[in-house]
Every structure is written in C-alpha cells, then in structure tokens.
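Report on the structure given below.
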Amino acid sequence: MQDVARGGVWAVVVAAGRGTRVGAALPKQYIAVAGQPLIGHTLSALCSHPGVRGAVVVLAADDAHWPGWSEMAGKPLLGCVGGESRADSVLAGLQALPDEVRADDFVLVHDAARPNLRHDDLTALLERGRADPVGAILAAPVRDTLKRAGDDGGIDRTEPRERLWRALTPQLFRRLQLGRALESARESGIAVTDEAMAMELLGMRPLLVEGDEENFKVTTAGDLARFGFVLSQRLHGSGAS
C-alpha cells in the first residue's frame with residue numbers, strides 16, 4: 001500500500017449526466033442513499049484511498065444540486081463544467097486538473113454513478129496500471145451466455161464469451177495521452193463510450209485488471225435499490241468494503 005500511496009494520482013469524476021432512466025426528479029448522482037447523495041458515496045470511496053491525491057468533479061452547466069464540496073476524506077475537490085458528450089466532459093476535467101499534474105502523470109477517470117468501488121480493486125489498478133506503458137482499466141469477465149438477436153427479436157446465434165470483458169471504472173491513463181486520444185476521436189466524429197476506447201482507436205492496448213462485479217453503475221431504480229441493500233448489509237457487518 002505504501003508504494004501505491006507514494007505520489008498519489010488525481011481523479012476526474014464524470015458527473016455531468018442526467019440519469020433519466022432512474023425516473024427521479026433529481027439527477028441520479030444526487031439521489032440520497034442512506035442519508036447521503038449517491039455522488040457523496042462515490043467520492044468518499046475514491047478519495048479515502050491513500051493512492052488518490054484529489055479529484056476534479058465534472059458537472060453539467062446548469063447543475064443546481066452540487067453541494068459545493070471543496071474536499072472529501074481530507075482530499076481537495078475541484079469542480080468544472082462538462083460538455084455535451086462524455087469525451088468532452090473528460091477533456092474538461094483533464095484541463096481543470098491542477099498544474100502539479102504533469103503531462104505524463106497517470107490520472108484516474110471514474111463514473112459518479114459507481115459508488116461501490118472497493119479499495120482492493122483500486123490498489124490493484126494503480127499498481128498494475130502504472131507499471132504498464134499505456135495504462136489499465138478495471139473490468140469484469142463476461143460470465144453469462146451471450147445471444148445475438150435478429151431484427152425480429154429471435155435468437156440468431158450464441159456468441160462465444162471467452163475473452164470478453166465488461167469495462168468498469170476507474171480507468172487509468174496518462175494525462176496527455178488520454179487527452180490526445182479523446183481529441184482524436186472527437187475530430188473523427190467517433191462517440192467513445194469509455195476512455196479505453198479512445199486509446200484503442202490510436203492502436204494502444206490498455207491492460208485489463210479484474211475488478212469486483214459489485215462495482216456496478218447505477219442506471220435504473222433497481223440499481224439504486226441494489227446499492228441501498230449493499231449499504232445496509234455493510235452497516236450490519238455482513239458486507240465487504
């Protein structure tokens with residue numbers, strides 16, 4: 001853990017989305033779970049790790065719900081306004097990082113709607129990702145049988161699941177390389193769905209680091225209830241952090 005903590009990294013936390021599929025009046029990142037907004041749980045899990053030095057939170061331009069936090073777990077929080085796309089928002093976050101973050105320093109990118117990040121997973125990502133020339137992402141192997149559907153909704157065939165992974169966050173890349181990859185994708189008119197995809201488009205091969213499947217993204221009301229259950233189990237001593 002000491003090696004991970006030495007020269008801690010900054011994080012960009014993307015919180016500019018609307019989260020309409022949850023079906024709530026508030027953006028999903030501000031829905032209270034166990035007395036705290038979802039984004040508070042996310043930032044606490046991230047910033048309480050000794051390998052994280054601080055975070056930039058990327059917000060929507062008209063965000064009226066951000067509590068204005070300037071620190072979390074004793075680490076500095078900075079805010080900035082995001083863009084129309086995920087790539088635009090991450091680019092804004094990279095630009096808002098403090099001057100102490102050099103071009104070749106590694107930076108984490110994390111979803112505000114992934115509140116259940118385990119410290120063990122983040123430690124593994126930092127240790128292995130910073131030893132890789134490109135960087136790394138947390139990911140989970142696909143375990144379900146995959147079916148390809150036809151236009152009529154029927155099954156066309158079963159797809160092999162070997163070597164298939166579900167991309168999670170955080171994802172860890174060098175500040176300058178990631179910025180250039182995102183700008184290149186934008187100039188090419190490609191809507192990247194995660195940071196690794198932008199790096200892949202430049203011919204780079206990020207490392208996959210297996211993470212816990214409980215690091216799920218809150219997208220629906222069911223996901224929100226699931227996280228509430230996880231918290232209740234943890235509070236009663238039967239859940240892992």
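Chain identifiers are assigned as A, B, and so on, following the order in which chains appear in the structure tokens; residues are numbered from 1 within each chain, and ligands are numbered from 1 in order of appearance.
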
Just list as a PyMOL selection string whatever in region 24-101 of chain A DSSP marks as helix (DSSP H, G or I).
chain A and resi 28-30+38-47+86-96

Keeping N, CA, C and O atoms for every residue in the selection just given, could you write it to a file as a short mmCIF file (atom, residue, chain, number, x, y, z; two decimals), in the first residue's frame?
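So again39.cif came out as:
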data_model
loop_
_atom_site.label_atom_id
_atom_site.label_comp_id
_atom_site.auth_asym_id
_atom_site.auth_seq_id
_atom_site.Cartn_x
_atom_site.Cartn_y
_atom_site.Cartn_z
N LYS A 28 -29.52 11.38 -11.05
CA LYS A 28 -29.30 10.21 -10.19
C LYS A 28 -28.16 10.39 -9.21
O LYS A 28 -28.19 9.84 -8.10
N GLN A 29 -27.15 11.17 -9.58
CA GLN A 29 -26.00 11.32 -8.69
C GLN A 29 -26.32 12.09 -7.41
O GLN A 29 -25.53 12.08 -6.46
N TYR A 30 -27.51 12.71 -7.37
CA TYR A 30 -27.89 13.47 -6.18
C TYR A 30 -29.01 12.81 -5.38
O TYR A 30 -29.47 13.36 -4.37
N LEU A 38 -25.78 10.04 -3.81
CA LEU A 38 -25.02 8.96 -4.44
C LEU A 38 -23.59 9.41 -4.75
O LEU A 38 -22.63 8.67 -4.50
N ILE A 39 -23.42 10.62 -5.26
CA ILE A 39 -22.09 11.10 -5.60
C ILE A 39 -21.20 11.23 -4.37
O ILE A 39 -19.98 11.10 -4.45
N GLY A 40 -21.80 11.47 -3.21
CA GLY A 40 -21.03 11.52 -1.98
C GLY A 40 -20.42 10.17 -1.64
O GLY A 40 -19.27 10.08 -1.21
N HIS A 41 -21.19 9.11 -1.84
CA HIS A 41 -20.66 7.75 -1.63
C HIS A 41 -19.51 7.46 -2.60
O HIS A 41 -18.49 6.87 -2.22
N THR A 42 -19.69 7.87 -3.86
CA THR A 42 -18.67 7.63 -4.87
C THR A 42 -17.38 8.36 -4.52
O THR A 42 -16.29 7.78 -4.56
N LEU A 43 -17.50 9.64 -4.19
CA LEU A 43 -16.30 10.43 -3.88
C LEU A 43 -15.63 9.95 -2.60
O LEU A 43 -14.40 9.95 -2.50
N SER A 44 -16.43 9.52 -1.64
CA SER A 44 -15.86 9.01 -0.39
C SER A 44 -15.06 7.73 -0.64
O SER A 44 -13.94 7.58 -0.14
N ALA A 45 -15.63 6.81 -1.43
CA ALA A 45 -14.93 5.56 -1.74
C ALA A 45 -13.63 5.83 -2.48
O ALA A 45 -12.61 5.18 -2.24
N LEU A 46 -13.64 6.79 -3.38
CA LEU A 46 -12.47 7.10 -4.19
C LEU A 46 -11.42 7.86 -3.38
O LEU A 46 -10.24 7.47 -3.32
N CYS A 47 -11.84 8.94 -2.74
CA CYS A 47 -10.88 9.83 -2.08
C CYS A 47 -10.33 9.26 -0.77
O CYS A 47 -9.27 9.70 -0.31
N ARG A 86 -19.51 12.48 -23.28
CA ARG A 86 -18.60 12.01 -22.24
C ARG A 86 -17.17 12.46 -22.53
O ARG A 86 -16.46 12.91 -21.63
N ALA A 87 -16.76 12.32 -23.79
CA ALA A 87 -15.39 12.72 -24.14
C ALA A 87 -15.16 14.19 -23.84
O ALA A 87 -14.11 14.57 -23.31
N ASP A 88 -16.13 15.04 -24.18
CA ASP A 88 -16.00 16.46 -23.90
C ASP A 88 -15.86 16.72 -22.40
O ASP A 88 -15.09 17.57 -21.96
N SER A 89 -16.65 15.98 -21.61
CA SER A 89 -16.61 16.17 -20.16
C SER A 89 -15.27 15.71 -19.57
O SER A 89 -14.70 16.38 -18.70
N VAL A 90 -14.77 14.57 -20.04
CA VAL A 90 -13.48 14.10 -19.53
C VAL A 90 -12.37 15.07 -19.94
O VAL A 90 -11.47 15.38 -19.15
N LEU A 91 -12.42 15.58 -21.16
CA LEU A 91 -11.43 16.56 -21.60
C LEU A 91 -11.47 17.80 -20.72
O LEU A 91 -10.43 18.34 -20.34
N ALA A 92 -12.67 18.25 -20.38
CA ALA A 92 -12.80 19.41 -19.49
C ALA A 92 -12.18 19.11 -18.13
O ALA A 92 -11.51 19.97 -17.53
N GLY A 93 -12.40 17.89 -17.63
CA GLY A 93 -11.81 17.50 -16.35
C GLY A 93 -10.30 17.45 -16.41
O GLY A 93 -9.62 17.89 -15.47
N LEU A 94 -9.75 16.93 -17.51
CA LEU A 94 -8.30 16.88 -17.66
C LEU A 94 -7.70 18.29 -17.69
O LEU A 94 -6.64 18.54 -17.11
N GLN A 95 -8.39 19.21 -18.36
CA GLN A 95 -7.91 20.58 -18.43
C GLN A 95 -7.99 21.30 -17.10
O GLN A 95 -7.21 22.23 -16.82
N ALA A 96 -8.92 20.87 -16.24
CA ALA A 96 -9.12 21.53 -14.95
C ALA A 96 -8.22 20.98 -13.84
O ALA A 96 -8.23 21.49 -12.72
#

Please, which residues in region 53-121 of chain A fall within 8 Å of region 6-10 of chain A when counting only C-alpha atoms, and what is the closest atom pair and distance in Å to one decimal for each, ordered by chain then residue number, as a Markdown table?
| residue | atom | partner | partner_atom | distance |
| --- | --- | --- | --- | --- |
| A:Arg53 | CA | A:Gly8 | CA | 4.9 |
| A:Gly54 | CA | A:Trp10 | CA | 5.0 |
| A:Ala55 | CA | A:Trp10 | CA | 5.5 |
| A:Val56 | CA | A:Trp10 | CA | 7.7 |
| A:Leu97 | CA | A:Trp10 | CA | 7.7 |
| A:Val101 | CA | A:Trp10 | CA | 7.6 |
| A:Asp105 | CA | A:Val9 | CA | 7.7 |
| A:Phe106 | CA | A:Val9 | CA | 6.4 |
| A:Val107 | CA | A:Trp10 | CA | 5.4 |
| A:Leu108 | CA | A:Trp10 | CA | 6.4 |

Env of region 176-193 of chain A: 6 Å cut, atoms = only C-alpha atoms, seq-sep filter 3 positions within chain, self excluded. Answer as a ChimeraX atom specification.
/A:87,103,197-199

For a quick check of understanding, using only C-alpha atoms, which of A:Leu164, A:Ala11, A:Ala131, A:Val109 has the smallest distance to Pro76 (chain A)?
A:Ala11

When distances are computed from only C-alpha atoms, which of A:Leu168, A:Leu202, A:Ile155, A:Ala15 shows the smallest separation from Asn116 (chain A)?
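Between A:Leu168, A:Leu202, A:Ile155, A:Ala15, the residue approaching Asn116 (chain A) most closely is A:Leu168.
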
Could you please write out, as a PyMOL selection string, every residue of region 95-139 of chain A that DSSP assigns to strand (DSSP E or B)?
chain A and resi 106-111+135-139

Selection from above, N, CA and C atoms, as an mmCIF file, in the first residue's frame, can you write it?
data_model
loop_
_atom_site.group_PDB
_atom_site.id
_atom_site.type_symbol
_atom_site.label_atom_id
_atom_site.label_comp_id
_atom_site.auth_asym_id
_atom_site.auth_seq_id
_atom_site.Cartn_x
_atom_site.Cartn_y
_atom_site.Cartn_z
ATOM 1 N N PHE A 106 -0.145 9.760 -14.465
ATOM 2 C CA PHE A 106 -1.365 8.979 -14.614
ATOM 3 C C PHE A 106 -2.519 9.687 -13.908
ATOM 4 N N VAL A 107 -3.712 9.571 -14.503
ATOM 5 C CA VAL A 107 -4.940 10.161 -13.972
ATOM 6 C C VAL A 107 -6.040 9.095 -14.016
ATOM 7 N N LEU A 108 -6.826 9.021 -12.965
ATOM 8 C CA LEU A 108 -7.985 8.132 -12.936
ATOM 9 C C LEU A 108 -9.200 8.841 -13.521
ATOM 10 N N VAL A 109 -10.039 8.106 -14.224
ATOM 11 C CA VAL A 109 -11.355 8.608 -14.649
ATOM 12 C C VAL A 109 -12.402 7.658 -14.087
ATOM 13 N N HIS A 110 -13.359 8.217 -13.357
ATOM 14 C CA HIS A 110 -14.349 7.383 -12.665
ATOM 15 C C HIS A 110 -15.743 7.959 -12.878
ATOM 16 N N ASP A 111 -16.738 7.072 -12.931
ATOM 17 C CA ASP A 111 -18.133 7.478 -13.068
ATOM 18 C C ASP A 111 -18.707 7.878 -11.711
ATOM 19 N N GLY A 135 -1.516 1.981 -19.673
ATOM 20 C CA GLY A 135 -2.449 2.190 -18.581
ATOM 21 C C GLY A 135 -3.363 0.990 -18.461
ATOM 22 N N ALA A 136 -4.436 1.128 -17.707
ATOM 23 C CA ALA A 136 -5.282 -0.028 -17.431
ATOM 24 C C ALA A 136 -6.683 0.413 -17.049
ATOM 25 N N ILE A 137 -7.599 -0.550 -17.095
ATOM 26 C CA ILE A 137 -8.966 -0.301 -16.639
ATOM 27 C C ILE A 137 -9.401 -1.449 -15.728
ATOM 28 N N LEU A 138 -10.311 -1.151 -14.820
ATOM 29 C CA LEU A 138 -10.980 -2.223 -14.097
ATOM 30 C C LEU A 138 -12.022 -2.834 -15.024
ATOM 31 N N ALA A 139 -12.152 -4.139 -14.970
ATOM 32 C CA ALA A 139 -13.102 -4.836 -15.848
ATOM 33 C C ALA A 139 -13.505 -6.150 -15.198
#

Name all residues at most 10 Å from Gly17 (chain A) (count only C-alpha atoms; drop same-chain ones fewer than 3 positions away) and give them as a ChimeraX atom specification.
/A:14,20,27-29,58-60,63,82-86,89,111-113

d(CA of Ala34 (chain A), CA of Phe227 (chain A)) in Å:
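Answer for the CA of Ala34 (chain A) to CA of Phe227 (chain A) separation: 9.8 Å.
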
Near-Val33 (chain A) list (12 Å; only C-alpha atoms; drop same-chain fewer than 6 positions) as a tab-separated table (two decimals) with all heavy atoms, in the first residue's frame:
chain	number	residue	atom	x	y	z
A	39	ILE	N	-23.42	10.62	-5.26
A	39	ILE	CA	-22.09	11.10	-5.60
A	39	ILE	C	-21.20	11.23	-4.37
A	39	ILE	O	-19.98	11.10	-4.45
A	39	ILE	CB	-22.16	12.45	-6.36
A	39	ILE	CG1	-20.80	12.78	-6.97
A	39	ILE	CG2	-22.68	13.57	-5.47
A	39	ILE	CD1	-20.83	13.98	-7.90
A	40	GLY	N	-21.80	11.47	-3.21
A	40	GLY	CA	-21.03	11.52	-1.98
A	40	GLY	C	-20.42	10.17	-1.64
A	40	GLY	O	-19.27	10.08	-1.21
A	41	HIS	N	-21.19	9.11	-1.84
A	41	HIS	CA	-20.66	7.75	-1.63
A	41	HIS	C	-19.51	7.46	-2.60
A	41	HIS	O	-18.49	6.87	-2.22
A	41	HIS	CB	-21.77	6.72	-1.81
A	41	HIS	CG	-22.83	6.77	-0.77
A	41	HIS	ND1	-22.66	6.32	0.52
A	41	HIS	CD2	-24.12	7.23	-0.82
A	41	HIS	CE1	-23.77	6.48	1.22
A	41	HIS	NE2	-24.67	7.03	0.42
A	42	THR	N	-19.69	7.87	-3.86
A	42	THR	CA	-18.67	7.63	-4.87
A	42	THR	C	-17.38	8.36	-4.52
A	42	THR	O	-16.29	7.78	-4.56
A	42	THR	CB	-19.17	8.10	-6.25
A	42	THR	OG1	-20.36	7.38	-6.59
A	42	THR	CG2	-18.12	7.86	-7.32
A	115	PRO	N	-20.77	3.99	-7.07
A	115	PRO	CA	-20.45	4.31	-5.68
A	115	PRO	C	-19.84	3.17	-4.87
A	115	PRO	O	-19.49	3.36	-3.71
A	115	PRO	CB	-21.83	4.67	-5.11
A	115	PRO	CG	-22.77	3.76	-5.86
A	115	PRO	CD	-22.20	3.65	-7.26
A	218	VAL	N	-24.96	2.70	-11.32
A	218	VAL	CA	-26.36	2.95	-11.02
A	218	VAL	C	-27.00	3.62	-12.23
A	218	VAL	O	-26.69	4.76	-12.56
A	218	VAL	CB	-26.51	3.83	-9.76
A	218	VAL	CG1	-27.98	4.20	-9.55
A	218	VAL	CG2	-25.96	3.09	-8.54
A	221	ALA	N	-33.72	2.45	-11.37
A	221	ALA	CA	-34.21	2.45	-9.98
A	221	ALA	C	-33.83	1.15	-9.27
A	221	ALA	O	-33.56	1.14	-8.07
A	221	ALA	CB	-35.72	2.65	-9.97
A	223	ASP	N	-31.06	-0.53	-9.75
A	223	ASP	CA	-29.65	-0.39	-9.35
A	223	ASP	C	-29.54	0.43	-8.06
A	223	ASP	O	-28.72	0.13	-7.19
A	223	ASP	CB	-28.84	0.30	-10.44
A	223	ASP	CG	-28.78	-0.49	-11.73
A	223	ASP	OD1	-28.80	-1.74	-11.66
A	223	ASP	OD2	-28.73	0.13	-12.80
A	224	LEU	N	-30.37	1.46	-7.97
A	224	LEU	CA	-30.35	2.31	-6.78
A	224	LEU	C	-30.76	1.50	-5.55
A	224	LEU	O	-30.14	1.60	-4.48
A	224	LEU	CB	-31.30	3.49	-6.98
A	224	LEU	CG	-31.09	4.73	-6.13
A	224	LEU	CD1	-29.74	5.37	-6.42
A	224	LEU	CD2	-32.20	5.73	-6.39
A	225	ALA	N	-31.79	0.68	-5.70
A	225	ALA	CA	-32.22	-0.18	-4.60
A	225	ALA	C	-31.15	-1.20	-4.25
A	225	ALA	O	-30.93	-1.50	-3.07
A	225	ALA	CB	-33.53	-0.89	-4.98
A	226	ARG	N	-30.47	-1.69	-5.25
A	226	ARG	CA	-29.39	-2.66	-5.02
A	226	ARG	C	-28.28	-2.03	-4.18
A	226	ARG	O	-27.76	-2.65	-3.25
A	226	ARG	CB	-28.84	-3.14	-6.36
A	226	ARG	CG	-27.68	-4.12	-6.26
A	226	ARG	CD	-27.18	-4.46	-7.65
A	226	ARG	NE	-26.00	-5.33	-7.63
A	226	ARG	CZ	-25.29	-5.65	-8.71
A	226	ARG	NH1	-25.65	-5.18	-9.90
A	226	ARG	NH2	-24.23	-6.43	-8.60
A	227	PHE	N	-27.90	-0.80	-4.51
A	227	PHE	CA	-26.86	-0.15	-3.73
A	227	PHE	C	-27.32	0.12	-2.31
A	227	PHE	O	-26.54	-0.04	-1.36
A	227	PHE	CB	-26.43	1.16	-4.40
A	227	PHE	CG	-25.36	1.89	-3.63
A	227	PHE	CD1	-24.15	1.28	-3.35
A	227	PHE	CD2	-25.57	3.17	-3.17
A	227	PHE	CE1	-23.16	1.94	-2.63
A	227	PHE	CE2	-24.59	3.85	-2.44
A	227	PHE	CZ	-23.38	3.23	-2.17
A	228	GLY	N	-28.59	0.49	-2.14
A	228	GLY	CA	-29.12	0.68	-0.79
A	228	GLY	C	-29.02	-0.60	0.02
A	228	GLY	O	-28.68	-0.58	1.21
A	229	PHE	N	-29.29	-1.74	-0.62
A	229	PHE	CA	-29.19	-3.03	0.07
A	229	PHE	C	-27.74	-3.34	0.44
A	229	PHE	O	-27.45	-3.80	1.55
A	229	PHE	CB	-29.75	-4.13	-0.83
A	229	PHE	CG	-29.60	-5.51	-0.25
A	229	PHE	CD1	-30.42	-5.94	0.78
A	229	PHE	CD2	-28.63	-6.38	-0.73
A	229	PHE	CE1	-30.28	-7.22	1.32
A	229	PHE	CE2	-28.47	-7.65	-0.20
A	229	PHE	CZ	-29.30	-8.07	0.84
A	230	VAL	N	-26.82	-3.06	-0.49
A	230	VAL	CA	-25.40	-3.29	-0.20
A	230	VAL	C	-24.96	-2.47	1.01
A	230	VAL	O	-24.26	-2.97	1.89
A	230	VAL	CB	-24.54	-2.92	-1.44
A	230	VAL	CG1	-23.06	-2.86	-1.08
A	230	VAL	CG2	-24.77	-3.92	-2.56
A	231	LEU	N	-25.39	-1.22	1.07
A	231	LEU	CA	-25.03	-0.37	2.20
A	231	LEU	C	-25.61	-0.90	3.51
A	231	LEU	O	-24.93	-0.91	4.54
A	231	LEU	CB	-25.53	1.06	1.96
A	231	LEU	CG	-24.68	1.97	1.09
A	231	LEU	CD1	-25.28	3.35	1.05
A	231	LEU	CD2	-23.25	2.03	1.58
A	232	SER	N	-26.86	-1.34	3.45
A	232	SER	CA	-27.48	-1.85	4.68
A	232	SER	C	-26.77	-3.10	5.17
A	232	SER	O	-26.57	-3.28	6.38
A	232	SER	CB	-28.97	-2.15	4.44
A	232	SER	OG	-29.13	-3.24	3.55

Spatial neighbours of Leu77 (chain A), 9 Å, only C-alpha atoms, chain gap at least 2 places, as a ChimeraX atom specification
/A:54-57,69-72,75,79

Would you export the selected residues with C-alpha atoms as a PDB file, in the first residue's frame, please?
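As a result, part05.pdb now contains:
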ATOM      1  CA  GLY A  54      -7.567  14.748  -5.124  1.00  0.00           C
ATOM      2  CA  ALA A  55     -10.417  14.861  -7.635  1.00  0.00           C
ATOM      3  CA  VAL A  56     -11.958  17.103 -10.273  1.00  0.00           C
ATOM      4  CA  VAL A  57     -15.750  16.705 -10.447  1.00  0.00           C
ATOM      5  CA  TRP A  69     -17.862  20.446  -1.533  1.00  0.00           C
ATOM      6  CA  SER A  70     -14.227  21.558  -1.593  1.00  0.00           C
ATOM      7  CA  GLU A  71     -12.819  18.397  -0.013  1.00  0.00           C
ATOM      8  CA  MET A  72     -13.650  14.776   0.655  1.00  0.00           C
ATOM      9  CA  LYS A  75      -8.502  15.441  -0.179  1.00  0.00           C
ATOM     10  CA  GLY A  79     -15.248  21.480  -9.948  1.00  0.00           C
TER      11      GLY A  79
END
